[in-house]
Every structure is written in C-alpha cells, then in structure tokens.
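Q: Okay, here's the structure, questions in a sec.
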2 protein chains.
Amino acid sequence: MHRIGLHLLVVLFTVLLAAPQTAADEGMWPLYTLNKLDFTKLRARGLELTPNEIFNEQDGGIAAAVCQVGGGTGSFVSPEGLIVTNHHVAFGAIQQQSDVDQNYLHDGFLAPTKADEIPAIGYDVYITQSFRDVTKEIKNVLKKGMTDLERYKAIEKKKKELVKKAEQQGNVRCYVSTAYSGLQYFLVTSFRIQDVRIVYIPPQAIGEYGGDIDNWMWPRHCGDFSFLRAYVAPDGSSAQYADENVPFRPKKYLPISSGQLNEGDFAMIIGYPGGTSRYRSSYSIADNVNHYYPSSIKDMTNILRIMDQVADEDPMAAIRLAGRSKGINNYLKNQQGMLKGLKRARLLEKKQAQEKELTAFIAADPELAKKYGDVLPGLAKLYADRAAYREMDNVFGDLSWICRYYNLAHTLYRWSIEKTKKDMAREPKYMERNVDDLKRGLKETQFSIVPAADQKLFEYLALRALRLPAARRIAELDGLFIVGAGDDTTRAIHDIASAMYEKSKVGVLEDRMAMFDLSTEELLALNDPFINLARDLYELDLKIEDRDKAFSGALEQLQPKLIEAYAAQQQEMFYPDANGTIRLSYGEVKGYAPGDAATYKYVTTLTGIIEKETGEEPFANPQELLDVYASGDFGDYVDPTLGDVPVNFLTTNDGTGGNSGSPIFNGKGEVIGLDFDTNWEGVVGDYYFDPEIKRSICVDTRYILFILDRVYGAQSVLDELTIH
Amino acid sequence: MHRIGLHLLVVLFTVLLAAPQTAADEGMWPLYTLNKLDFTKLRARGLELTPNEIFNEQDGGIAAAVCQVGGGTGSFVSPEGLIVTNHHVAFGAIQQQSDVDQNYLHDGFLAPTKADEIPAIGYDVYITQSFRDVTKEIKNVLKKGMTDLERYKAIEKKKKELVKKAEQQGNVRCYVSTAYSGLQYFLVTSFRIQDVRIVYIPPQAIGEYGGDIDNWMWPRHCGDFSFLRAYVAPDGSSAQYADENVPFRPKKYLPISSGQLNEGDFAMIIGYPGGTSRYRSSYSIADNVNHYYPSSIKDMTNILRIMDQVADEDPMAAIRLAGRSKGINNYLKNQQGMLKGLKRARLLEKKQAQEKELTAFIAADPELAKKYGDVLPGLAKLYADRAAYREMDNVFGDLSWICRYYNLAHTLYRWSIEKTKKDMAREPKYMERNVDDLKRGLKETQFSIVPAADQKLFEYLALRALRLPAARRIAELDGLFIVGAGDDTTRAIHDIASAMYEKSKVGVLEDRMAMFDLSTEELLALNDPFINLARDLYELDLKIEDRDKAFSGALEQLQPKLIEAYAAQQQEMFYPDANGTIRLSYGEVKGYAPGDAATYKYVTTLTGIIEKETGEEPFANPQELLDVYASGDFGDYVDPTLGDVPVNFLTTNDGTGGNSGSPIFNGKGEVIGLDFDTNWEGVVGDYYFDPEIKRSICVDTRYILFILDRVYGAQSVLDELTIH
C-alpha cells in the first residue's frame with residue numbers, strides 16, 4: 001500500500017559505511033545499510049534469512065511489520081492489525097480506561113471480540129513509509145558568517161518547509177531526522193494510524209511484576225506484553241476513532257515462535273531506538289559526569305521525596321501522582337546507572353585519550369588541520385561557555401518541567417502569543433498541525449494534577465532559585481519572593497506560594513480550557529498569579545530558548561566534523577547514533593557477569609516468579625497465576641532444558657529506550673520475544689557499548705503464550721496468532 | 001588468671017541437649033555443649049582440634065582468646081593484649097579521635113610503637129570468666145498468683161541482688177542472662193578492661209568500602225578490620241586509662257593463617273552473637289510481619305528523609321548526623337531484609353502449621369494438656385491484648401528514641417527522681433554501678449546533637465501522635481499541641497516546637513551537665529520546656545514501662561513452656577537462642593544462589609575492588625591501594641586458584657549481630673578471617689535458619705595482611721602477629 005523508498009540513502013551509505021569494524025554485536029543499524037553487514041558471519045551464527053527477507057523496498061520484508069507506538073515499538077502479528085508491544089508501552093492507555101470500579105490496570109483486560117475492544121486514548125501508530133535524504137536542501141540554506149543561533153533558525157525554518165510540503169499529500173506525518181549530529185538530514189514520512197484499541201493487557205502484577213524495584217534490573221520476571229489493534233477508515237486512510245473504521249491490514253505480520261531457546265542462539269531486534277550519544281566529545285561527557293547527572297540525581301531524589309510525602313498522606317494523591325512518580329523514578333534510576341557506568345568505564349578518561357591522539361593526527365596533516373583543527377577547541381569553548389548558565393538553566397528547566405501550574409500557565413500564555421503569528425513562524429509545538437495534540441495534552445493532564453504536591457515542588461524550586469549565586473539568580477523570581485533579611489525564607493516562600501495556589505485557576509480543567517481560547521490581553525485580564533508569572537518569565541524563557549538553540553546550532557556544526565575527523569583517522573565510518581528511526585541489531589542469547597563473584601544466567605523461570613512472591617506489590621502475583629503454578633500443569637510451555645516455563649531472557653543485542661516492545665527474532669525470522677529493557681550495568685550503553693555487560697532484556701514468547709493460554713484462557717488472541 | 005567455671009552447666013545440658021538434630025550447620029552453640037556435637041562428622045569435614053583444644057575449663061582453649069568489645073567480638077592475637085576486630089566495631093573510637101585537621105577515620109591510623117597508641121574512648125573489653133546457673137534462685141522468688149508485672153519485678157529484683165553480691169569480689173562485671181526465654185538463668189561474670197587503645201585502623205575507604213550501599217550485601221569488598229590493645233593496671237587488675245598501665249596478657253592468643261582457602265573448607269566461628277528469635281510463636285511473627293516491621297520501615301524511611309533534608313542544607317549538620325544516620329540506615333536495611341525474608345520463607349504460615357500440629361499433640365495427652373494446654377492460647381491473648389496499644393507505644397517509643405531533646409530531658413528528669421531512691425530500688429540504668437556510664441553518655445552525645453534536625457523530627461513525631469485514633473492518643477501531647485479546628489496543624493506544631501527549641505537548654509552541654517546534679521524541684525524551677533514535657537509525660541512513661549514489663553513477665557512464663565512442649569513433641573532439645581553469651585558455630589566455605597538466574601561465588605578479589613572504584617565515596621579507594629594494584633606486585637597474598645588477592649569470603653556458619661569481629665578458624669584453629677556481616681538474603685536467619693541462603697561474610701586474613709604489609713607497611717603490627 002505504501003512504498004518504502006530508500007534507494008537514495010543506500011547510495012550515500014555505500015560511501016560512508018566503507019567497512020564497519022565495530023566490536024562484537026555493537027550497533028543499531030539503519031535498514032538501508034544491511035548490505036554492509038557480514039551475512040556470512042551472521043549465517044554462521046544462525047541467521048537463515050537473506051537481507052531481502054529482512055528488508056526490501058518492494059514488500060518491505062519482516063521489517064514492514066514493525067511500527068512505532070506509544071513512545072516504543074510494536075509489531076503486527078495478525079493480518080487484522082493486531083499489534084504486540086510491551087505492557088509498559090500500553091500502560092498509559094489502560095490507565096486512562098481504569099477507575100476504582102473497573103480497574104483494568106490492576107485486573108488486566110481482554111476483549112473477546114473486536115466489538116469489546118476499547119480505545120487506547122492518545123495512542124497513535126506510525127509506520128515508516130520512506131526516508132528521503134534532504135541534506136543538500138538543508139545545507140543550502142546555511143551561509144558563511146551565520147551566528148550559531150541564525151544557523152539553528154535557518155535549519156529549523158527549512159525543516160518546517162520540507163515537512164509542510166511533504167504532508168500536503170495528506171494522510172501522512174513527516175519530520176526531518178538528523179543523522180551523525182548534522183552530517184546528514186532525512187525527511188521521514190510515516191503513515192499515522194489514529195484509531196488504536198486495546199485487545200489484551202495482563203494484570204499489572206504480571207505486566208509490571210517487580211515494579212520500580214526490579215526496573216532496569218536482572219534477574220527479571222516481567223510479563224511485559226500487551227496487544228493493541230490498529231484501525232483505519234474503510235477506504236484505508238488514517239482516521240480518528242469511529243465505529244465504521246476497519247482493522248488495518250499490514251503489509252506483513254509476524255509468526256510467533258513457541259520453540260526452544262538456548263544460550264548462544266542467534267537473535268535479531270528490529271525497532272525504533274530513541275537516541276544514543278556514542279560520538280560525544282569529552283567536554284560533553286565531563287559536563288554529564290561532573291555536573292548534569294550528579295545534580296539531576298540529587299534533584300530528582302528531592303522531588304520524589306516531596307511527592308512521596310504528599311502521597312503518603314493522601315491515598316488519592318498517591319494514585320494521581322503514581323504515573324509521574326513512576327516516570328521520575330525510572331529516569332532517576334537510569335541516570336544513577338548511567339553515572340555509575342560512565343565512571344566505571346572511565347569513559348571521560350578514554351575520550352580524553354582518544355582526543356589527544358586525534359589532535360595529534362589532525363595536526364600532522366596541514367589539510368586536516370585546516371578542516372578539523374578548530375573542532376575540538378570549538379567544542380571545548382562551547383561547553384565552557386555554557387557552564388556559566390548551567391545552574392540557572394537547570395532550575396528554570398525544572399520549574400518548567402516539574403511545576404505543573406507554571407508549565408500549564410506558560411503553555412497557555414505562549415500559545416496566546418504564538419497563535420497570532422503566521423503558522424510557519426510559530427514554534428513547532430504551536431503550529432497548526434500540532435494544535436489538536438496541544439489542546440488534547442492540556443485536557444488529558446488533568447488526572448495527574450495534585451495542587452498540594454505541586455505547591456510543595458514549586459516552593460522547593462523557588463528556594464533553589466533563591467539560593468543560586470547572586471550573579472546567576474533569576475531576577476523575576478527574586479522579585480516574586482521578596483524575603484526580608486530577618487525572615488524565615490522557607491516560610492515566606494510558603495506564604496506567597498499558598499496565596500498563588502489559592503487563587504490560580506490553571507489547575508481547574510474548565511477554566512484552563514477556556515483560557516486556551518483567550519487572547520494574551522484577555523488572559524492577563526484574569527490576573528491569575530501563574531499566568532502573571534508566565535508573563536514575567538516570558539522574556540527570560542525566550543532568552544534561554546535562544547541560548548539553547550544557539551548551542552544546538554553550534555553543536556550541529558562541530559559535532560559532524562568531529563565524527564568526520566575520527567572517520568579519517570580510523571579509515572572507517574561508524575553506524576549512526578540511534579535517533580528514533582527504524583534500526584536492526586543482531587546478537588545472541590547470553591547471560592553475563594555483573595561484577596566480581598556474581599554470575600547471571602541468560603534466562604529466568606516461572607519458579608523464580610514464585611520465589612519473589614511476597615503477597616505485596618510489586619511482588620503480589622494474581623491468584624490465577626499462583627493456582628496454575630500450584631497445579632504444576634504448564635502445558636507445552638516448559639523448556640525441556642530448564643524443566644520450567646521460561647519468563648525473561650537476555651541477549652547481547654544493542655538497543656536503547658524506544659526499543660521497548662521491539663520484536664526479537666530467531667534466525668528463521670520468528671518472534672521469540674519482546675525487548676523491554678536494558679540491564680542496569682548496560683544503561684551506560686547510551687554512551688559506550690561494552691559487549692561484556694550490555695544486554696537486552698526480553699520477555700519470552702512462551703511466557704506470553706503461557707499467560708494467554710494456561711492462566712487467562714485468552715483464546716481469541718491465541719486464535720489470531722500464527723504460532724510456530 | 002581467671003578460672004572458667006562451667007561444670008554446673010554441663011550437667012544441665014546433658015539432660016536438655018539429648019540429641020541435637022538441627023539441619024545442616026544451624027546453631028550457635030554454648031561452649032559447654034561442645035561434647036554434644038558430633039566430632040566424628042566435624043573431623044570428617046576438616047576439624048583437627050579436639051573439644052578440649054577449643055574450650056576447656058583449665059586453660060580455656062582457643063575460646064579463651066575471644067572477647068567482647070564495642071558491641072561486637074574481638075580476639076587476642078599477641079601475648080601483649082593486641083586485639084583484632086572489625087573496622088566497624090572500632091568505628092566510634094576512631095571517629096571520636098578524628099577532626100577536620102587530623103582525620104584518622106578518613107586517613108586511617110597506625111601507632112608504630114605502644115607510646116603512639118591513642119585511647120579508644122568509651123570502649124571496654126569483656127572477657128567471660130564464668131557462668132553460674134541461677135535458675136533455682138530466680139525461680140524461688142516466684143509465687144503462685146503473681147501478676148505478670150509482679151513476676152517481672154520479682155525476677156528483676158533477684159537479678160539485681162545476684163549481681164550485687166557477685167560484683168562484691170571486685171574487678172568484675174556481672175549480669176544475669178536468660179536462656180530459652182526464661183527456662184534457665186545464668187549469672188555471667190566477666191573481667192572488664194577499661195583501658196583500650198587504638199593500634200591500627202585502615203582508612204575508612206578500605207574498612208568500610210561500599211558503605212551503606214554494600215552494607216548487608218554480597219559480593220562485598222570490605223577491609224573490615226582494626227587492631228586495638230587492652231591495658232590493665234601493673235598488678236593485672238582492671239583500671240581506667242593511665243600512663244602506668246601495662247598491656248594485658250591474655251590466657252591465649254591466636255595464630256593467623258596466610259594459607260590457601262578453598263570452597264568446602266571447614267570453618268568455625270567463636271564469638272558473642274547478640275540475639276535470635278527462632279522459637280517465637282506465630283503470634284509474635286504475625287505482629288512483626290504485619291505490623292511492626294512495615295510500620296517501622298515506613299517510619300525509619302521518613303525519619304531518614306527528614307535527617308537527609310537537614311544534612312543536605314548544612315554540611316556540618318551532615319557530619320554530626322552521619323553516625324545516627326548510618327545507624328538508622330543499617331537498622332532500616334536490616335528490617336527490610338528481615339521482612340522480605342520472613343515473607344519469602346512464609347514463616348508465619350509455617351509456624352501456624354507447626355502450632356496446629358503441636359496443639360493436636362498436646363491435646364492427645366491429658367498430662368501434656370494440663371501442662372501446656374494454655375500456652376498457645378495464652379500467647380495468642382498476650383499479643384492480641386498488646387495490639388490495642390501498639391501504635392501509641394510505637395509513637396511514644398520513637399519520641400523517646402528519635403527526639404534527642406526529649407530523650408535527654410527525660411533521662412535528666414528520671415535521674416532526678418531515681419537518685420532519691422535506694423540503690424537497689426532504682427531502675428537498673430540509674431543504679432550506682434551505672435551512674436558513671438550514664439553521665440558519660442549524656443556528655444559524649446553532644447557531638448551528634450543538631451537542633452534543626454531534632455526539631456523537625458519532633459514535629460514529625462508530634463504530627464504522628466496527633467493523628468492517632470482518638471482512643472489511642474497521648475493526652476499529654478494533645479494538651480501540648482492545641483490545634484484549633486481551622487488551623488494548619490503542621491504549622492501550629494511548628495510554631496510550638498520552634499518556641500520550645502528556642503528556649504530549651506537541654507541541648508547545651510554545660511547546662512545539661514549542670515542539670516545532672518539538680519534535684520527534681522530545682523530542675524522544674526528552670527521551666528525548661530523539654531524538662532516540663534518530661535514531667536508531663538512521666539506518668540505515662542511509667543505506665544508504658546510497666547505494660548512492657550508485664551508483657552515480658554508473661555512471655556518469660558509462656559515462652560519457655562512453648563519450647564518445652566516442642567521438645568516433648570520432637571523428642572529433642574534445641575540449642576538456645578543467641579543471647580549475647582559466647583557461642584561456637586561450624587560450617588564451611590561456600591557460595592550461594594541468591595535467587596532465580598543468579599549465582600554468587602564464595603570469594604571476592606582485589607580486582608573486584610578496582611571494578612567498583614568510582615572515585616567517589618563509598619567507592620573511592622585510597623591512592624596507596626590503587627598504586628599497589630597498578631604495580632601488580634601483591635607479594636605472597638595471591639591465592640593461586642584465584643590468581644588474585646582474596647578479599648572477603650562466605651561461609652555457611654550460623655551467626656548474627658554481635659558476632660562482628662569474631663575470629664573464624666580453619667580446622668587447625670588458625671584465624672582465616674573475621675566475621676563481619678550476614679548476607680541480605682540471610683538476615684531472616686534471626687528467625688529462621690535456611691542453610692541454602694544463610695551466609696556469614698568474612699574478611700580474609702590474607703587481605704588484612706596484604707593491607708598491612710603491601711599497602712601501608714604496618715610492620716609493627718605484622719611483627720607482633722604469629723603468622724602461619
């Protein structure tokens with residue numbers, strides 16, 4: 001139905017990817033670079049498919065069954081648009097459909113017929129249709145002597161034009177993706193499915209077994225899977241939820257393996273990894289290791305502490321805060337792992353040593369010196385300049401992100417200004433093509449607003465702001481919180497904040513949605529304290545925004561040159577960093593040693609689930625599972641080698657966030673599991689791939705089938721699958 | 001010098017310990033029961049010593065070298081009173097001798113000669129001299145028809161008399177220990193050494209490597225050792241620190257092994273384990289699993305959160321709070337492991353099943369029914385009755401323990417009353433023999449007082465108290481914090497507390513020590529708000545104290561009968577719970593599987609230390625260690641099997657808190673390491689010994705020697721040791 005036109009790219013990469021020499025199973029490879037991989041070696045490891053069967057421009061190969069959904073990856077597993085993905089990817093959908101009386105999140109959900117399926121509110125499915133190299137178009141708008149900010153804005157403007165033009169064909173969503181930090185640009189066109197429905201989700205106690213405690217950890221025991229279905233208009237076009245819609249018929253759908261899996265077996269993942277930073281300079285690493293992560297970890301810890309305090313005292317607040325708290329926890333734990341991993345890997349020192357060698361290599365050749373001589377010094381200056389604003393920007397960033405009242409007020413105020421501009425002159429978030437999403441977001445956020453928690457967070461951030469060094473303070477906040485010399489600062493802030501939260505209406509759904517339609521003048525006439533704060537901080541916000549854009553503009557010029565210089569030095573080109581586009585990684589089923597004196601096996605078992613059972617969340621199994629375990633009758637899902645039902649397994653495949661829900665294939669191209677996490681020791685893989693410790697954590701399809709069949713009798717789902 | 005007179009006991013246990021049938025390596029055995037152990041089996045496992053060489057009444061055997069120190073265990077390793085124990089056991093001593101300029105805690109300490117040794121302030125060494133069965137004397141004072149409280153008080157009075165009489169010989173400290181929860185009582189007489197000095201302590205980064213993160217955990221990499229020296233008066237009698245004092249000459253001192261250690265090797269621990277609860281009823285377990293631990297964990301978490309907040313904002317407060325924070329963290333993590341372990345082991349269900357069988361067994365025999373028929377129902381009632389006071393007592397207990405100002409005021413007020421009584425009528429803590437310690441404690445606590453933190457904790461506890469159900473509220477606190485209907489409770493409490501902390505002088509050292517000498521009337525005349533609070537809560541305090549005593553009195557009657565009933569049912573007697581008296585446990589060097597898909601090796605290595613290095617506490621190694629590692633020259637301390645320096649190892653030996661610093665012996669009676677922790681999965685061992693997962697964590701003597709020799713050149717210490 002939709003052609004995948006990647007021929008242009010193949011040509012380009014033939015030049016760039018001269019000889020990929022990366023270690024072990026490193027790399028998330030763009031599909032158009034498949035012919036650069038050593039298939040003789042891959043065949044020796046167990047791959048039975050040809051490059052063509054994996055991906056081709058005509059029928060798409062098995063890759064055509066892989067889609068983007070809910071920030072993660074899904075894959076079609078039936079001719080009628082049935083998608084399998086992670087439980088945690090569908091989490092938000094099921095949460096929105098749950099309440100105290102009908103708690104699908106807690107109990108799980110099964111639609112025995114299509115008529116019983118319920119909408120996955122806010123969920124879209126994207127299927128990549130084509131990539132087009134637009135590097136030339138972008139580079140054409142750049143002029144010598146542009147400032148960094150001008151460069152950023154010129155690129156942004158061109159991107160908007162390219163997207164606008166491409167979307168004119170209708171029925172598609174486009175964006176321009178950046179490869180190698182700005183060496184190349186691609187216009188990505190996707191088919192967007194807007195009617196997504198929930199077919200099956202296991203109880204949270206299965207889908208999220210182990211919760212925050214086990215998150216990022218191995219050994220793991222998660223039934224992290226769910227089934228959704230994609231619907232389109234009867235004519236096959238993209239359409240919002242409607243009764244008349246029909247199941248989407250994918251170009252390809254995938255068979256599910258129920259066969260044995262052993263350590264050493266070949267494994268391949270196709271998915272949409274979000275972003276890695278493997279070619280960063282030492283200055284960026286230093287910034288993260290010495291400043292960003294430590295301060296962010298401290299900050300997130302404090303923020304969680306405040307949210308927990310409110311949640312402890314109010315059960316309903318606990319429910320409302322759960323999603324955010326889970327998200328921040330996930331983020332915090334990831335950052336802790338990242339920082340620990342960066343230090344253990346001594347990545348800063350390694351990068352510094354590499355850059356020393358690179359500098360010598362560049363200096364030795366006058367032509368290279370002319371081309372690349374200013375790259376590393378330029379990066380050094382860029383990060384040094386930014387250091388002066390770091391703390392202030394962090395506080396301001398947290399205020400915008402953490403304090404919901406300010407965030408909402410800021411969006412409303414900004415929108416009132418942006419909407420007066422011509423569409424192409426607006427910030428992307430406020431362009432016509434995004435206004436529906438913007439409005440939907442402002443509405444759907446209501447559930448998670450807890451004024452008591454928000455006020456405490458606002459007070460915490462205000463105190464942090466007031467304690468910044470004098471030269472780096474936010475004058476507008478100083479003006480808001482006027483604290484006398486002898487005053488109790490904390491209490492003064494509390495009193496001012498109390499009055500603001502008392503008066504503001506941005507937290508009230510009807511008022512907020514009414515404000516959405518107001519002009520700036522009308523908004524200000526309300527004299528809402530948070531709208532006023534958004535007004536007072538508006539100039540500063542723009543200033544910081546421009547500073548960030550200038551930084552990105554500078555980076556987009558220097559970073560690609562750094563990669564080119566390394567490529568010249570090492571006589572090879574590298575795979576591009578993950579950037580949310582579809583990728584393939586290969587590897588094998590394998591355990592690991594997390595450290596001295598400890599060994600982890602490649603697989604966990606049903607018995608391991610029962611071992612962890614405590615009767616309390618997140619280790620409280622549903623009675624149905626306990627009963628089946630007690631019965632000892634596990635059907636055909638027992639692995640003969642283990643003598644037990646396999647639950648999760650590890651592979652050496654490269655991957656990162658966004659890969660959640662990705663199908664993982666055996667050599668035959670059958671789905672053996674779903675990727676759902678990276679191990680704690682491996683999260684540093686976003687910066688540095690260590691084949692000894694980086695693992696992808698997957699839920700075994702045999703466990704999925706076991707849950708569907710033996711535990712919950714979800715026959716309708718099983719009937720639809722092709723099980724090998 | 002001092003005779004160990006245990007003959008009486010041996011007779012008693014010949015009857016009780018008919019045939020110890022405990023599983024695997026379970027049991028911390030009183031030394032006088034050695035002849036009940038199966039030495040044929042132990043010899044087959046590698047023990048080369050005879051029971052006589054381990055312990056005998058004449059020269060004491062190797063057990064005579066084992067002493068109690070700083071809440072843990074130590075052992076003499078030279079003829080001149082040199083003691084080896086854990087770093088964490090000597091922690092307080094070195095902390096008190098450290099300041100910013102001369103930070104021994106951070107840098108470590110070595111006294112090259114005896115003249116360089118510094119006092120271990122507040123440290124005593126106890127060497128057990130004799131046990132005497134005083135069961136009859138105690139039981140004689142019990143009369144039919146006594147209430148539980150009367151029974152408790154009668155026992156307490158008799159204990160005081162026995163101790164008073166026994167201590168009249170001078171130079172000794174005595175106490176009455178309870179075995180089998182009250183089946184037997186022993187008068188324990190110890191030689192107390194009051195002049196203890198610090199000889200060698202490694203830097204904290206070695207002695208406490210991994211800090212709170214690794215605490216209770218395996219794999220572990222701690223150099224948890226230190227050397228102290230015991231001094232006595234020239235005539236050999238116990239004496240306070242004095243220049244003229246001479247090194248104590250122990251009856252026995254122990255050789256240190258530098259030989260190889262392999263998995264499966266025999267291992268034996270002699271030490272002073274504090275307390276276990278392996279014979280508790282299901283009612284006690286239910287109370288702990290369902291109420292005490294969950295509420296205590298929540299509480300400790302909140303308390304730490306508050307302390308962390310203050311510490312975050314004030315570096316000096318952070319230093320002052322560090323010790324308490326470490327202690328509470330240790331306690332919290334232990335309780336978390338305990339609760340998790342109790343649930344995983346399903347101990348409550350197991351106990352309930354055992355009790356069901358026991359009840360049937362008792363009911364089947366009229367004589368047994370008469371003797372034991374009321375035991376389990378009695379225990380059920382006892383715990384049920386207490387449940388009504390649980391929350392109130394917990395808040396009150398926390399107030400007394402956590403809030404230092406109240407704690408100090410309460411002690412001062414109580415002391416002003418107790419000192420007017422005759423010595424034998426006082427609470428034990430306030431008896432003449434303990435007054436010096438009491439006063440010392442009031443003085444030495446000054447370092448850890450942080451009013452800002454204390455006030456926040458007081459406010460938190462007050463809020464908890466005010467939120468108790470109406471029927472269970474503390475009227476005196478309600479009266480203190482009078483909050484109007486419309487008031488902001490938190491703020492009202494804050495205002496009242498602020499005024500109290502502003503005015504009170506109990507936190508000021510000079511004022512407090514002056515208060516120590518005042519009469520009750522003089523104290524009250526000060527009108528100090530915390531002294532007033534202590535006065536207002538005094539009656540309640542006595543009521544709760546009596547309630548606790550009555551509970552103990554009841555338990556002391558019922559619990560021994562429960563053990564007797566089980567002994568009758570199972571036709572065997574069990575080893576007694578640990579109770580702070582000297583014990584022996586045997587086992588072997590062995591790794592374990594902490595759960596599904598994970599395996600832990602029995603030993604960790606120097607390379608593992610470097611693996612954990614991050615450059616930041618608690619994983620920042622001293623440069624000296626990093627240099628030696630980089631040199632690759634590890635002397636003779638490399639284990640040929642490992643090809644690395646061994647650091648910590650695991651054994652199956654039974655043990656618990658108090659065992660810290662205990663020597664662990666090979667079959668020849670040489671010290672192969674020091675016990676310093678239990679593994680996380682094994683902390684539940686206090687209730688239930690599971691041979692599969694309970695391990696003792698020990699520091700290898702080869703690592704101790706490596707640090708002394710290769711890293712810090714502590715030749716003076718090495719010269720004094722006998723190294724095999």
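The way I read the labels, and the way they are meant: chains A, B, ... in the order of the structure tokens, residue 1 as the first residue of every chain, and ligand 1 as the first ligand shown, with later ones counted on from there.
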Kindly provide the residues of chain A that approach chain B to within 6 Å, each paired with its closest atom pair and their distance in Å to one decimal, based on only C-alpha atoms, listed by chain and increasing number, as a tab-separated table.
A:
```
residue	atom	partner	partner_atom	distance
A:Lys343	CA	B:Thr614	CA	5.4
A:Arg344	CA	B:Thr614	CA	5.8
A:Asp596	CA	B:Gly608	CA	4.8
A:Ala597	CA	B:Lys601	CA	4.7
A:Ala598	CA	B:Tyr600	CA	4.6
A:Thr599	CA	B:Thr599	CA	5.2
A:Tyr600	CA	B:Ala598	CA	4.6
A:Lys601	CA	B:Ala597	CA	4.7
A:Thr604	CA	B:Ala597	CA	5.6
A:Gly608	CA	B:Asp596	CA	4.8
A:Thr614	CA	B:Lys343	CA	5.4
```
Q: Once DSSP has gone over the backbone, tell me which residues of stretch 207-368 of chain A are in strand (DSSP E or B), as a PyMOL selection string.
A: chain A and resi 226-232+246-247+256+266-271
Q: Please list as a short mmCIF file (atom, residue, chain, number, x, y, z; two decimals) with N, CA, C and O atoms, in the first residue's frame every residue within 7 Å of stretch 327-337 of chain B, counting only C-alpha atoms and excluding residues in the same chain fewer than 2 positions away.
A:
```cif
data_model
loop_
_atom_site.label_atom_id
_atom_site.label_comp_id
_atom_site.auth_asym_id
_atom_site.auth_seq_id
_atom_site.Cartn_x
_atom_site.Cartn_y
_atom_site.Cartn_z
N TYR B 293 7.36 -4.46 61.56
CA TYR B 293 8.33 -4.14 60.51
C TYR B 293 7.77 -3.16 59.47
O TYR B 293 8.44 -2.18 59.15
N ILE B 297 9.56 0.36 59.13
CA ILE B 297 10.26 0.67 57.88
C ILE B 297 9.77 2.01 57.33
O ILE B 297 10.56 2.86 56.91
N MET B 300 11.16 4.75 59.74
CA MET B 300 12.60 4.98 59.59
C MET B 300 12.88 5.71 58.28
O MET B 300 13.75 6.58 58.21
N GLY B 323 26.67 9.60 61.98
CA GLY B 323 26.68 8.38 62.78
C GLY B 323 25.27 7.83 63.00
O GLY B 323 25.01 6.64 62.80
N ARG B 324 24.35 8.71 63.40
CA ARG B 324 22.97 8.27 63.64
C ARG B 324 22.33 7.81 62.33
O ARG B 324 21.60 6.83 62.30
N SER B 325 22.58 8.59 61.30
CA SER B 325 22.00 8.29 60.00
C SER B 325 22.48 6.90 59.53
O SER B 325 21.70 6.09 59.04
N LEU B 339 11.96 -8.45 56.75
CA LEU B 339 10.56 -8.55 56.34
C LEU B 339 10.44 -9.33 55.03
O LEU B 339 9.60 -10.21 54.89
N LYS B 340 11.33 -8.98 54.11
CA LYS B 340 11.33 -9.67 52.82
C LYS B 340 11.59 -11.16 53.04
O LYS B 340 10.91 -12.02 52.49
N GLY B 341 12.58 -11.45 53.88
CA GLY B 341 12.95 -12.84 54.15
C GLY B 341 11.83 -13.59 54.85
O GLY B 341 11.54 -14.75 54.52
N TRP B 680 22.30 -10.26 52.87
CA TRP B 680 20.93 -9.72 52.79
C TRP B 680 19.87 -10.81 52.83
O TRP B 680 18.89 -10.73 53.57
N GLU B 681 20.06 -11.85 52.02
CA GLU B 681 19.07 -12.93 51.96
C GLU B 681 19.04 -13.72 53.25
O GLU B 681 18.07 -14.43 53.52
N VAL B 683 19.54 -12.41 56.48
CA VAL B 683 19.25 -11.72 57.75
C VAL B 683 18.03 -12.29 58.45
O VAL B 683 17.91 -12.21 59.67
N VAL B 684 17.15 -12.90 57.67
CA VAL B 684 15.97 -13.53 58.26
C VAL B 684 16.38 -14.68 59.18
O VAL B 684 15.58 -15.20 59.95
#
```
Q: Within 8 Å of B:Ala497, counting only C-alpha atoms, which residues qualify if same-chain residues fewer than 3 places away don't, as an MDAnalysis selection string?
A: chainID B and resid 455 458:459 493:494 500:501
Q: From stretch 214-313 of chain A, collect each residue whose DSSP state is helix (DSSP H, G or I) and return the set as a VMD selection string.
A: chain A and resid 214 282 to 313
Q: In terms of the shortest atom-to-atom distance over only C-alpha atoms, which of B:Ile563, B:Val100, B:Leu228, B:Leu537 is closest to B:Arg197?
A: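 Nearest candidate to B:Arg197 out of B:Ile563, B:Val100, B:Leu228, B:Leu537: B:Leu228.
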Q: Of the candidates B:Phe266, B:Phe225, B:Phe481, B:Glu617, which shows the shortest atom-to-atom distance to B:Lys41, using only C-alpha atoms?
A: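 Residue with the minimum atom-to-atom distance to B:Lys41: B:Phe266.
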Q: Fewer than 6 positions away in the same chain doesn't count, so skip those; otherwise give me all residues within 10 Å of B:Ala24, counting only C-alpha atoms, as a list in words.
A: Tyr586, Gly587, Thr652, Asn653, Asp654, Phe689, Asp690, Pro691 and Glu692 of chain B
Q: For B:Gln68, find every residue with an atom within 10 Å (counting only C-alpha atoms), except residues of its own chain fewer than 5 positions away, and show them as an mmCIF file with C-alpha atoms, in the first residue's frame.
A:
```
data_model
loop_
_atom_site.group_PDB
_atom_site.id
_atom_site.type_symbol
_atom_site.label_atom_id
_atom_site.label_comp_id
_atom_site.auth_asym_id
_atom_site.auth_seq_id
_atom_site.Cartn_x
_atom_site.Cartn_y
_atom_site.Cartn_z
ATOM 1 C CA THR B 73 33.601 -9.535 69.256
ATOM 2 C CA GLY B 74 37.383 -9.368 69.248
ATOM 3 C CA SER B 75 40.205 -11.812 69.755
ATOM 4 C CA THR B 85 38.237 -6.866 65.495
ATOM 5 C CA ASP B 124 35.576 -1.618 77.227
ATOM 6 C CA VAL B 125 36.697 -5.193 76.702
ATOM 7 C CA TYR B 126 34.903 -8.020 78.473
ATOM 8 C CA ILE B 127 36.373 -11.473 78.898
ATOM 9 C CA THR B 128 33.942 -14.092 80.132
ATOM 10 C CA SER B 190 33.370 -11.073 83.114
ATOM 11 C CA ARG B 192 36.246 -5.810 82.332
ATOM 12 C CA GLY B 271 32.016 -15.022 69.204
ATOM 13 C CA TYR B 272 29.305 -13.180 71.063
ATOM 14 C CA PRO B 273 26.145 -13.272 68.931
ATOM 15 C CA GLY B 580 24.980 -12.240 73.948
ATOM 16 C CA THR B 581 26.902 -15.078 75.585
ATOM 17 C CA ILE B 582 29.900 -16.747 73.940
ATOM 18 C CA GLY B 658 27.298 -9.185 67.976
ATOM 19 C CA ASN B 659 29.375 -11.689 66.009
ATOM 20 C CA SER B 660 31.022 -8.715 64.270
ATOM 21 C CA GLY B 661 34.765 -9.141 64.528
ATOM 22 C CA SER B 662 34.592 -12.803 65.580
#
```
Q: Separation of atom CA of B:Asp314 and atom CA of A:Arg473, in Å?
A: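 Atom CA of A:Arg473 lies at a distance of 20.7 Å from atom CA of B:Asp314.
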Q: When you look at B:Ile54 with a cut-off of 10 Å (counting only C-alpha atoms), what residues show up, excluding the ones that are within fewer than 2 positions of it in the same chain? I need them as a ChimeraX atom specification.
A: /B:31,34,49-52,56,60-64,270,584,669
